[in-house]
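Coordinates from model.txt are shown below (compact mmCIF, C-alpha atoms and all ligand atoms).
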# COMPACT_ATOMS: atom_id res chain seq x y z
CA MET A 1 89.00 -7.21 127.37
CA ALA A 2 90.60 -7.27 123.94
CA ALA A 3 88.82 -4.28 122.62
CA MET A 4 90.99 -2.00 120.54
CA GLU A 5 91.67 -2.54 116.93
CA PRO A 6 92.29 0.63 115.03
CA THR A 7 92.04 -0.50 111.44
CA VAL A 8 94.79 1.26 109.59
CA ALA A 9 93.91 2.42 106.12
CA GLY A 10 96.13 4.05 103.57
CA PRO A 11 99.73 3.32 102.72
CA ALA A 12 101.86 1.96 105.54
CA SER A 13 104.96 3.92 106.40
CA PRO A 14 107.96 2.35 104.68
CA GLY A 15 110.14 0.10 106.78
CA ARG A 16 107.39 -0.46 109.35
CA ARG A 17 107.39 -4.04 110.58
CA PRO A 18 103.91 -5.27 111.51
CA GLY A 19 105.23 -8.03 113.78
CA ILE A 20 106.28 -11.66 113.74
CA PRO A 21 104.95 -13.22 110.49
CA LEU A 22 102.76 -16.26 111.16
CA GLY A 23 102.00 -17.18 107.55
CA ARG A 24 98.70 -16.83 105.75
CA VAL A 25 95.09 -17.37 106.80
CA LEU A 26 92.46 -17.47 104.02
CA GLY A 27 94.96 -15.62 101.83
CA PHE A 28 95.67 -12.84 104.37
CA SER A 29 99.14 -12.35 105.85
CA LEU A 30 98.99 -12.78 109.62
CA TYR A 31 101.37 -11.08 112.05
CA LEU A 32 101.80 -11.29 115.81
CA ARG A 33 103.15 -8.50 117.99
CA TRP A 34 105.43 -9.78 120.72
CA THR A 35 103.24 -7.93 123.27
CA VAL A 36 100.66 -10.69 122.70
CA LEU A 37 103.01 -13.11 124.49
CA LEU A 38 102.93 -10.71 127.44
CA LEU A 39 99.13 -10.89 127.40
CA VAL A 40 99.19 -14.69 127.20
CA GLY A 41 101.54 -14.85 130.19
CA LEU A 42 99.68 -12.30 132.30
CA VAL A 43 96.17 -13.61 131.70
CA THR A 44 97.24 -17.22 132.21
CA LEU A 45 98.98 -16.27 135.45
CA LEU A 46 96.22 -14.05 136.88
CA SER A 47 93.22 -16.10 135.81
CA GLY A 48 95.20 -19.24 136.66
CA GLN A 49 95.37 -18.24 140.35
CA LEU A 50 91.58 -17.92 140.41
CA ILE A 51 90.35 -20.68 138.12
CA GLY A 52 93.36 -22.92 137.45
CA TYR A 53 96.15 -22.57 134.90
CA GLY A 54 94.63 -24.97 132.37
CA VAL A 55 91.44 -22.91 132.21
CA GLY A 56 93.46 -19.66 132.10
CA PHE A 57 95.59 -20.85 129.20
CA GLY A 58 92.60 -22.30 127.34
CA PHE A 59 90.81 -19.00 127.75
CA VAL A 60 93.71 -16.92 126.40
CA VAL A 61 94.07 -19.18 123.33
CA CYS A 62 90.33 -18.88 122.63
CA LEU A 63 90.60 -15.14 123.17
CA LEU A 64 93.31 -14.81 120.51
CA LEU A 65 91.28 -16.99 118.14
CA SER A 66 88.27 -14.73 118.79
CA VAL A 67 90.31 -11.63 117.93
CA LEU A 68 91.55 -13.34 114.76
CA LEU A 69 87.98 -14.23 113.71
CA HIS A 70 86.84 -10.65 114.45
CA GLU A 71 89.59 -9.31 112.19
CA LEU A 72 88.81 -11.92 109.53
CA GLY A 73 85.27 -10.52 109.58
CA HIS A 74 86.67 -7.10 108.59
CA ALA A 75 89.19 -8.53 106.11
CA LEU A 76 86.80 -10.88 104.29
CA THR A 77 84.16 -8.15 103.98
CA ALA A 78 86.73 -5.67 102.69
CA ARG A 79 88.08 -8.14 100.12
CA ARG A 80 84.57 -9.04 98.98
CA LEU A 81 83.79 -5.34 98.49
CA GLY A 82 86.92 -4.74 96.45
CA ILE A 83 89.35 -3.35 99.04
CA GLY A 84 92.72 -5.09 99.17
CA VAL A 85 94.00 -6.21 102.59
CA ARG A 86 97.69 -5.90 103.44
CA GLY A 87 97.52 -8.08 106.51
CA ILE A 88 96.11 -8.79 109.95
CA THR A 89 98.13 -8.09 113.09
CA LEU A 90 97.29 -9.44 116.54
CA GLU A 91 98.23 -7.11 119.41
CA ILE A 92 97.93 -7.00 123.19
CA LEU A 93 94.70 -4.97 123.07
CA GLY A 94 93.17 -6.75 120.12
CA GLY A 95 94.22 -6.67 116.52
CA TYR A 96 93.96 -4.67 113.38
CA THR A 97 93.39 -5.23 109.71
CA GLU A 98 95.49 -3.10 107.42
CA MET A 99 93.74 -2.16 104.19
CA GLU A 100 95.30 -0.93 100.98
CA ARG A 101 93.02 2.10 100.76
CA ASP A 102 90.10 3.91 102.35
CA ALA A 103 86.57 2.69 101.69
CA PRO A 104 85.32 4.46 98.54
CA THR A 105 81.73 4.89 99.79
CA PRO A 106 79.96 5.27 103.18
CA ARG A 107 78.09 2.02 102.58
CA ILE A 108 81.30 0.01 102.17
CA GLU A 109 82.86 1.75 105.19
CA LEU A 110 79.79 0.83 107.27
CA LEU A 111 79.72 -2.83 106.17
CA VAL A 112 83.47 -3.39 106.68
CA SER A 113 83.45 -1.74 110.13
CA LEU A 114 80.36 -3.60 111.43
CA ALA A 115 81.55 -7.02 110.20
CA GLY A 116 84.03 -7.33 113.11
CA PRO A 117 81.62 -6.67 116.01
CA ALA A 118 79.04 -8.87 114.25
CA VAL A 119 81.50 -11.80 114.33
CA SER A 120 82.24 -11.13 118.04
CA LEU A 121 78.53 -11.05 118.83
CA VAL A 122 77.95 -14.38 117.06
CA LEU A 123 80.96 -15.93 118.86
CA GLY A 124 79.72 -14.63 122.21
CA VAL A 125 76.24 -16.04 121.72
CA ALA A 126 77.63 -19.36 120.43
CA ALA A 127 80.00 -19.70 123.40
CA ALA A 128 77.14 -18.88 125.79
CA ALA A 129 75.01 -21.57 124.14
CA VAL A 130 77.84 -24.10 124.48
CA ALA A 131 78.27 -23.12 128.15
CA ALA A 132 74.54 -23.60 128.73
CA VAL A 133 74.55 -27.23 127.60
CA LEU A 134 77.94 -28.35 128.97
CA PRO A 135 78.26 -30.02 132.37
CA ASP A 136 80.22 -28.15 135.04
CA GLY A 137 83.97 -28.31 134.50
CA ALA A 138 87.02 -26.63 132.98
CA VAL A 139 85.67 -26.56 129.41
CA ARG A 140 82.44 -24.94 130.57
CA GLN A 141 84.41 -22.32 132.51
CA VAL A 142 86.44 -21.50 129.39
CA ALA A 143 83.22 -21.25 127.36
CA ILE A 144 81.71 -18.81 129.89
CA LEU A 145 84.84 -16.62 129.82
CA VAL A 146 84.99 -16.68 126.01
CA ALA A 147 81.30 -15.74 125.81
CA LEU A 148 81.83 -12.81 128.20
CA ALA A 149 84.97 -11.59 126.43
CA ASN A 150 83.36 -11.66 122.98
CA LEU A 151 80.20 -9.91 124.16
CA ILE A 152 82.32 -7.20 125.83
CA VAL A 153 84.39 -6.82 122.63
CA ALA A 154 81.23 -6.61 120.50
CA VAL A 155 79.60 -3.99 122.72
CA PHE A 156 82.70 -1.91 123.45
CA ASN A 157 83.84 -1.91 119.83
CA SER A 158 80.44 -0.63 118.76
CA LEU A 159 80.81 2.55 120.83
CA PRO A 160 80.62 5.49 118.42
CA GLY A 161 84.10 6.99 118.37
CA LEU A 162 87.26 6.51 116.30
CA PRO A 163 89.36 4.40 116.25
CA LEU A 164 86.71 1.85 117.33
CA ASP A 165 84.56 0.02 114.78
CA GLY A 166 81.53 1.96 115.99
CA GLY A 167 83.50 5.13 115.29
CA ARG A 168 84.02 4.06 111.69
CA ALA A 169 80.32 3.33 111.43
CA LEU A 170 79.58 6.80 112.82
CA ARG A 171 82.02 8.32 110.32
CA ALA A 172 80.19 6.49 107.52
CA ALA A 173 76.86 7.85 108.77
CA VAL A 174 78.12 11.46 108.94
CA TRP A 175 79.81 10.98 105.57
CA ALA A 176 76.56 9.72 104.03
CA SER A 177 74.49 12.57 105.46
CA THR A 178 76.93 15.44 104.77
CA GLY A 179 78.72 14.10 101.71
CA SER A 180 82.06 14.81 103.38
CA GLN A 181 84.23 11.94 104.58
CA GLN A 182 86.56 14.42 106.22
CA ARG A 183 83.67 15.92 108.23
CA GLY A 184 82.77 12.38 109.32
CA THR A 185 86.31 11.72 110.50
CA VAL A 186 86.46 14.96 112.49
CA VAL A 187 83.11 14.30 114.24
CA SER A 188 83.91 10.66 114.94
CA ALA A 189 87.42 11.44 116.21
CA ARG A 190 85.99 13.99 118.69
CA CYS A 191 83.52 11.34 119.87
CA GLY A 192 86.46 8.93 120.19
CA GLN A 193 88.17 11.32 122.59
CA VAL A 194 84.99 11.43 124.66
CA VAL A 195 84.74 7.61 124.64
CA GLY A 196 88.40 7.40 125.69
CA ALA A 197 87.90 9.82 128.59
CA ALA A 198 84.70 8.06 129.65
CA THR A 199 86.50 4.69 129.60
CA GLY A 200 89.15 6.11 131.93
CA VAL A 201 86.48 7.41 134.34
CA ALA A 202 84.57 4.11 134.15
CA ALA A 203 87.77 2.17 134.89
CA VAL A 204 88.38 4.12 138.11
CA TRP A 205 84.72 3.84 139.12
CA LEU A 206 84.62 0.07 138.50
CA TYR A 207 87.84 -0.37 140.49
CA VAL A 208 86.69 1.78 143.43
CA SER A 209 83.36 -0.07 143.62
CA GLY A 210 85.18 -3.41 143.58
CA TRP A 211 83.98 -4.68 140.18
CA VAL A 212 87.45 -5.01 138.66
CA SER A 213 90.88 -5.94 140.04
CA GLU A 214 94.10 -3.90 139.80
CA PHE A 215 94.85 -5.85 136.61
CA GLY A 216 91.50 -4.90 135.14
CA LEU A 217 92.06 -1.28 136.12
CA VAL A 218 95.48 -1.16 134.42
CA LEU A 219 94.10 -2.85 131.29
CA MET A 220 91.14 -0.46 131.08
CA ILE A 221 93.36 2.60 131.59
CA LEU A 222 95.60 1.27 128.81
CA VAL A 223 92.56 0.88 126.54
CA ALA A 224 91.33 4.38 127.48
CA PHE A 225 94.73 5.88 126.74
CA SER A 226 95.15 4.20 123.34
CA LEU A 227 91.61 5.22 122.44
CA TRP A 228 92.31 8.84 123.30
CA GLN A 229 95.59 8.74 121.39
CA GLY A 230 94.08 7.05 118.32
CA ALA A 231 91.21 9.55 118.26
CA THR A 232 93.59 12.50 118.55
CA VAL A 233 95.76 11.23 115.68
CA SER A 234 92.64 10.75 113.50
CA ALA A 235 91.39 14.24 114.31
CA ARG A 236 94.71 15.83 113.37
CA ALA A 237 95.02 13.85 110.13
CA ALA A 238 91.46 14.78 109.16
CA ARG A 239 92.08 18.46 109.87
CA LEU A 240 95.19 18.45 107.69
CA SER A 241 93.52 16.53 104.86
CA GLY A 242 90.68 19.08 105.02
CA LEU A 243 93.23 21.76 104.18
CA VAL A 244 94.62 20.01 101.11
CA PRO A 245 91.86 21.28 98.75
CA LEU A 246 92.97 24.83 99.67
CA ILE A 247 96.25 24.26 97.84
CA ASP A 248 95.49 25.95 94.56
CA VAL A 249 98.53 26.72 92.44
CA ASP A 250 96.78 29.47 90.45
CA ARG A 251 95.56 31.25 93.56
CA LEU A 252 98.87 30.92 95.44
CA ALA A 253 101.10 31.87 92.52
CA ARG A 254 102.74 35.27 92.72
CA PRO A 255 102.79 37.42 89.57
CA ILE A 256 106.14 38.12 87.93
CA PHE A 257 107.75 41.53 87.78
CA ALA A 258 110.52 41.49 85.19
CA VAL A 259 113.45 43.95 84.99
CA PRO A 260 116.19 44.16 82.33
CA THR A 261 119.41 42.26 82.88
CA GLY A 262 122.03 44.36 84.69
CA THR A 263 119.48 46.24 86.85
CA PRO A 264 120.76 46.88 90.41
CA LEU A 265 118.77 44.88 92.99
CA ALA A 266 117.73 47.99 94.97
CA GLU A 267 116.45 49.66 91.79
CA ALA A 268 114.48 46.52 90.81
CA GLN A 269 112.87 46.41 94.25
CA ARG A 270 112.04 50.15 94.07
CA GLN A 271 110.44 49.76 90.63
CA ALA A 272 108.39 46.76 91.78
CA ALA A 273 107.20 48.63 94.89
CA SER A 274 106.23 51.77 92.98
CA ALA A 275 104.36 49.64 90.42
CA GLY A 276 102.39 48.14 93.31
CA ALA A 277 104.07 44.77 92.70
CA GLY A 278 105.84 44.43 96.07
CA GLU A 279 104.47 40.89 96.47
CA ALA A 280 105.50 39.85 92.95
CA ALA A 281 108.42 37.57 92.16
CA LEU A 282 111.33 39.42 90.55
CA ALA A 283 112.61 38.05 87.27
CA VAL A 284 115.27 39.05 84.78
CA ALA A 285 114.45 39.69 81.10
CA ASP A 286 116.92 39.95 78.20
CA SER A 287 117.00 42.84 75.70
CA THR A 288 114.12 41.27 73.72
CA GLY A 289 111.94 41.12 76.86
CA ARG A 290 112.19 37.32 77.16
CA LEU A 291 112.43 35.96 80.72
CA VAL A 292 115.84 34.41 81.32
CA ALA A 293 116.25 34.09 85.10
CA LEU A 294 114.32 34.11 88.35
CA VAL A 295 115.54 36.19 91.30
CA HIS A 296 116.03 33.84 94.25
CA THR A 297 114.37 34.98 97.47
CA ASP A 298 116.96 33.41 99.79
CA ALA A 299 119.83 34.97 97.82
CA VAL A 300 118.15 38.41 98.07
CA ALA A 301 117.65 38.01 101.80
CA ALA A 302 121.36 37.29 102.16
CA VAL A 303 122.28 40.71 100.68
CA PRO A 304 122.22 43.51 103.31
CA PRO A 305 119.98 46.45 102.20
CA ASP A 306 122.93 48.89 102.00
CA ARG A 307 124.68 46.57 99.51
CA ARG A 308 121.64 46.21 97.23
CA PRO A 309 122.37 49.28 95.04
CA TRP A 310 125.71 47.65 94.12
CA VAL A 311 124.47 44.17 93.35
CA THR A 312 122.77 43.32 90.03
CA VAL A 313 119.64 41.20 89.87
CA ASP A 314 121.57 38.71 87.71
CA SER A 315 123.91 37.85 90.59
CA VAL A 316 121.00 36.79 92.84
CA ALA A 317 119.04 35.02 90.09
CA ARG A 318 118.92 31.46 88.78
CA GLU A 319 118.52 30.56 85.14
CA LEU A 320 114.92 29.62 84.32
CA ALA A 321 116.03 26.18 83.15
CA ALA A 322 117.33 25.46 86.68
CA VAL A 323 113.98 26.18 88.34
CA ARG A 324 111.39 23.39 88.62
CA SER A 325 108.02 24.17 87.12
CA VAL A 326 104.45 23.18 87.96
CA PRO A 327 101.52 23.36 85.56
CA ALA A 328 98.93 26.08 86.14
CA GLY A 329 95.57 24.75 87.29
CA LEU A 330 97.12 22.11 89.57
CA ARG A 331 95.35 21.87 92.93
CA GLY A 332 94.53 19.75 95.97
CA ALA A 333 96.24 16.41 96.52
CA ASP A 334 97.98 16.53 93.11
CA ALA A 335 99.57 19.86 93.98
CA LEU A 336 100.60 18.61 97.42
CA ARG A 337 102.21 15.48 95.92
CA MET A 338 104.18 17.64 93.49
CA LEU A 339 105.41 19.94 96.25
CA GLN A 340 106.34 16.99 98.49
CA SER A 341 108.21 15.18 95.73
CA ASP A 342 110.44 18.21 95.35
CA PRO A 343 110.34 20.47 98.39
CA ALA A 344 112.44 23.18 96.77
CA GLY A 345 111.71 26.76 97.63
CA GLU A 346 110.31 28.11 94.36
CA TYR A 347 108.51 26.79 91.29
CA LEU A 348 107.66 28.39 87.96
CA VAL A 349 103.95 28.16 87.22
CA THR A 350 103.62 27.44 83.52
CA THR A 351 100.86 27.12 80.97
CA ASP A 352 101.74 26.03 77.40
CA ASP A 353 105.45 26.52 78.19
CA ARG A 354 104.78 30.13 79.11
CA VAL A 355 105.73 31.25 82.65
CA VAL A 356 102.68 32.85 84.27
CA GLY A 357 103.79 33.11 87.90
CA VAL A 358 105.92 31.79 90.72
CA LEU A 359 104.83 29.46 93.52
CA ARG A 360 106.79 29.57 96.78
CA SER A 361 106.69 26.60 99.17
CA ALA A 362 106.76 29.08 102.03
CA ASP A 363 103.45 30.55 100.84
CA VAL A 364 101.83 27.09 100.88
CA THR A 365 103.21 26.36 104.35
CA ARG A 366 102.01 29.73 105.62
CA LEU A 367 98.50 29.12 104.26
CA LEU A 368 98.26 25.64 105.85
CA ARG A 369 99.62 26.93 109.18
CA SER A 370 97.23 29.85 109.38
CA ARG A 371 94.23 27.67 108.51
CA SER A 372 95.12 24.82 110.84
CA ALA A 373 95.69 27.29 113.69
CA GLY A 374 92.38 28.94 112.90
CA GLN A 375 90.30 25.77 113.30
ZN ZN F 1 87.00 -4.48 114.62
Step by step, read the file and then write its structure as structure tokens.
Ligand SMILES: [Zn+2]
Amino acid sequence: MAAMEPTVAGPASPGRRPGIPLGRVLGFSLYLRWTVLLLVGLVTLLSGQLIGYGVGFGFVVCLLLSVLLHELGHALTARRLGIGVRGITLEILGGYTEMERDAPTPRIELLVSLAGPAVSLVLGVAAAAVAAVLPDGAVRQVAILVALANLIVAVFNSLPGLPLDGGRALRAAVWASTGSQQRGTVVSARCGQVVGAATGVAAVWLYVSGWVSEFGLVLMILVAFSLWQGATVSARAARLSGLVPLIDVDRLARPIFAVPTGTPLAEAQRQAASAGAGEAALAVADSTGRLVALVHTDAVAAVPPDRRPWVTVDSVARELAAVRSVPAGLRGADALRMLQSDPAGEYLVTTDDRVVGVLRSADVTRLLRSRSAGQ
């Protein structure tokens, strides 16, 4: 029943509130989403009509405790293996443990992801054992329901597709065998979409053949939908992060074509084109040949072609000191962080204080767009 718990890794978006704070458990901050109260009400009401309200309420409390213990399995394993835990949140479809960073190795990813279902399995078996020795009555009924719920959670969560625990285990396996975590995420996210679709089909089939009620059908469709959505988000994030290594400042930098100060814009463009430097960035040099300003692409675009013979390059250029610079050789995530921290249009690419080229944000965006469309 409570089956979904996409474990969120990486930095949380600022200002995001994880839920109602419930204090700390074993040193972890615990939060409760208000939707849990909806679950408590609904399950108590529905199961109450069938088995009595006391049993229904007892079951839902044990269910929440089971989810908490499942998450503590993840959180304790993560902490033991050196990954900080931001907190545990209980939600209507389960819970999730928010970690401070991704697992550094496939082995740690595998251990952290399997710890949750392992706890659920142990709880399910323990509750079944308790049910086996108890005399008939309300407590035994609760024990049977808790055993069933935990076994379902253990099995369902082990299905191999993100964002389920089994999906993280699958990602770890692909990561270990290919050496690429990103490859693992892509494969596991695709499998997650399949698991989501299959859950939807299974829900309808179980309902039509009378195995589950309308409530069960709605809950399963909800689970199927969040699975599909979680898997799709993971797939997109993995595809984008796979493109980050392509950001290579040296490769993306345009060469510089310098013209003397006072040159008309049209003449500068003609000279660049005839020198085969049409793709180069125009710059302005003083009488000694030293670069003093960078011609600004947007300012050039704003000048109609028939006006360009009458406009000097200086009037559409910015002083070099006013242009941000990035070091040559920067690439991957470092380059992306730099570009994101200052999303200006153009950067000077420098090595030892010497300007060696110009990087345009638009070129980076174009590269990422063309590659992400091509996959
Ligand atoms: Zn889990």
List all protein, DNA and RNA residues that have an atom no more than 10 Å from any atom of ligand ZN 1 (chain F), counting all atoms listed in the file, and report them as a compact mmCIF listing (two decimals) with C-alpha atoms, in the coordinates of the input.
# COMPACT_ATOMS: atom_id res chain seq x y z
CA ALA A 3 88.82 -4.28 122.62
CA MET A 4 90.99 -2.00 120.54
CA GLU A 5 91.67 -2.54 116.93
CA PRO A 6 92.29 0.63 115.03
CA THR A 7 92.04 -0.50 111.44
CA VAL A 67 90.31 -11.63 117.93
CA LEU A 68 91.55 -13.34 114.76
CA LEU A 69 87.98 -14.23 113.71
CA HIS A 70 86.84 -10.65 114.45
CA GLU A 71 89.59 -9.31 112.19
CA LEU A 72 88.81 -11.92 109.53
CA GLY A 73 85.27 -10.52 109.58
CA HIS A 74 86.67 -7.10 108.59
CA ALA A 75 89.19 -8.53 106.11
CA GLY A 94 93.17 -6.75 120.12
CA GLY A 95 94.22 -6.67 116.52
CA TYR A 96 93.96 -4.67 113.38
CA THR A 97 93.39 -5.23 109.71
CA VAL A 112 83.47 -3.39 106.68
CA SER A 113 83.45 -1.74 110.13
CA LEU A 114 80.36 -3.60 111.43
CA ALA A 115 81.55 -7.02 110.20
CA GLY A 116 84.03 -7.33 113.11
CA PRO A 117 81.62 -6.67 116.01
CA ALA A 118 79.04 -8.87 114.25
CA VAL A 119 81.50 -11.80 114.33
CA SER A 120 82.24 -11.13 118.04
CA VAL A 153 84.39 -6.82 122.63
CA ALA A 154 81.23 -6.61 120.50
CA ASN A 157 83.84 -1.91 119.83
CA SER A 158 80.44 -0.63 118.76
CA PRO A 163 89.36 4.40 116.25
CA LEU A 164 86.71 1.85 117.33
CA ASP A 165 84.56 0.02 114.78
CA GLY A 166 81.53 1.96 115.99
CA ARG A 168 84.02 4.06 111.69
Exercise for review: Please indicate the distance in Å from atom CA of His296 of chain A to atom CA of Ala277 of chain A, rounded to one decimal place.
Suggested key: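 Pair atom CA of His296 of chain A / atom CA of Ala277 of chain A returns 16.3 Å.
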Exercise for review: Rank nothing, just name the residue among A:Leu37, A:Val292, A:Val316, A:Phe257 nearest to Arg270 of chain A, using all atoms listed in the file.
Suggested key: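 Selected residue with least distance to Arg270 of chain A: A:Phe257.
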Taking 4 positions as the minimum chain separation for residues in the same chain, which residues sit within 10 Å of Asp353 of chain A when counting all atoms listed in the file? Answer as a JSON list (two decimals) with C-alpha atoms, in the coordinates of the input.
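The resulting file, selection15.json, is shown below:
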[["chain", "number", "residue", "atom", "x", "y", "z"],
["A", 325, "SER", "CA", 108.02, 24.17, 87.12],
["A", 327, "PRO", "CA", 101.52, 23.36, 85.56],
["A", 349, "VAL", "CA", 103.95, 28.16, 87.22]]
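Pairwise distance (atom CA of Val122 of chain A, atom CA of Gln229 of chain A) equals 29.4 Å.
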For Ala235 of chain A: contacts at 7 Å, all atoms listed in the file, fewer than 4 positions along chain excluded, given as a PDB file with C-alpha atoms, in the coordinates of the input:
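And here is the file that came out, out-v8.pdb:
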ATOM      1  CA  THR A 185      86.310  11.720 110.500  1.00  0.00           C
ATOM      2  CA  VAL A 186      86.460  14.960 112.490  1.00  0.00           C
ATOM      3  CA  ALA A 189      87.420  11.440 116.210  1.00  0.00           C
ATOM      4  CA  ARG A 190      85.990  13.990 118.690  1.00  0.00           C
ATOM      5  CA  ALA A 231      91.210   9.550 118.260  1.00  0.00           C
ATOM      6  CA  ARG A 239      92.080  18.460 109.870  1.00  0.00           C
TER       7      ARG A 239
END
Point to revise | Of the listed residues A:Arg33, A:Ala268, A:Ile256, A:Glu91, that which approaches Thr350 of chain A most closely, counting all atoms listed in the file | key: A:Ile256
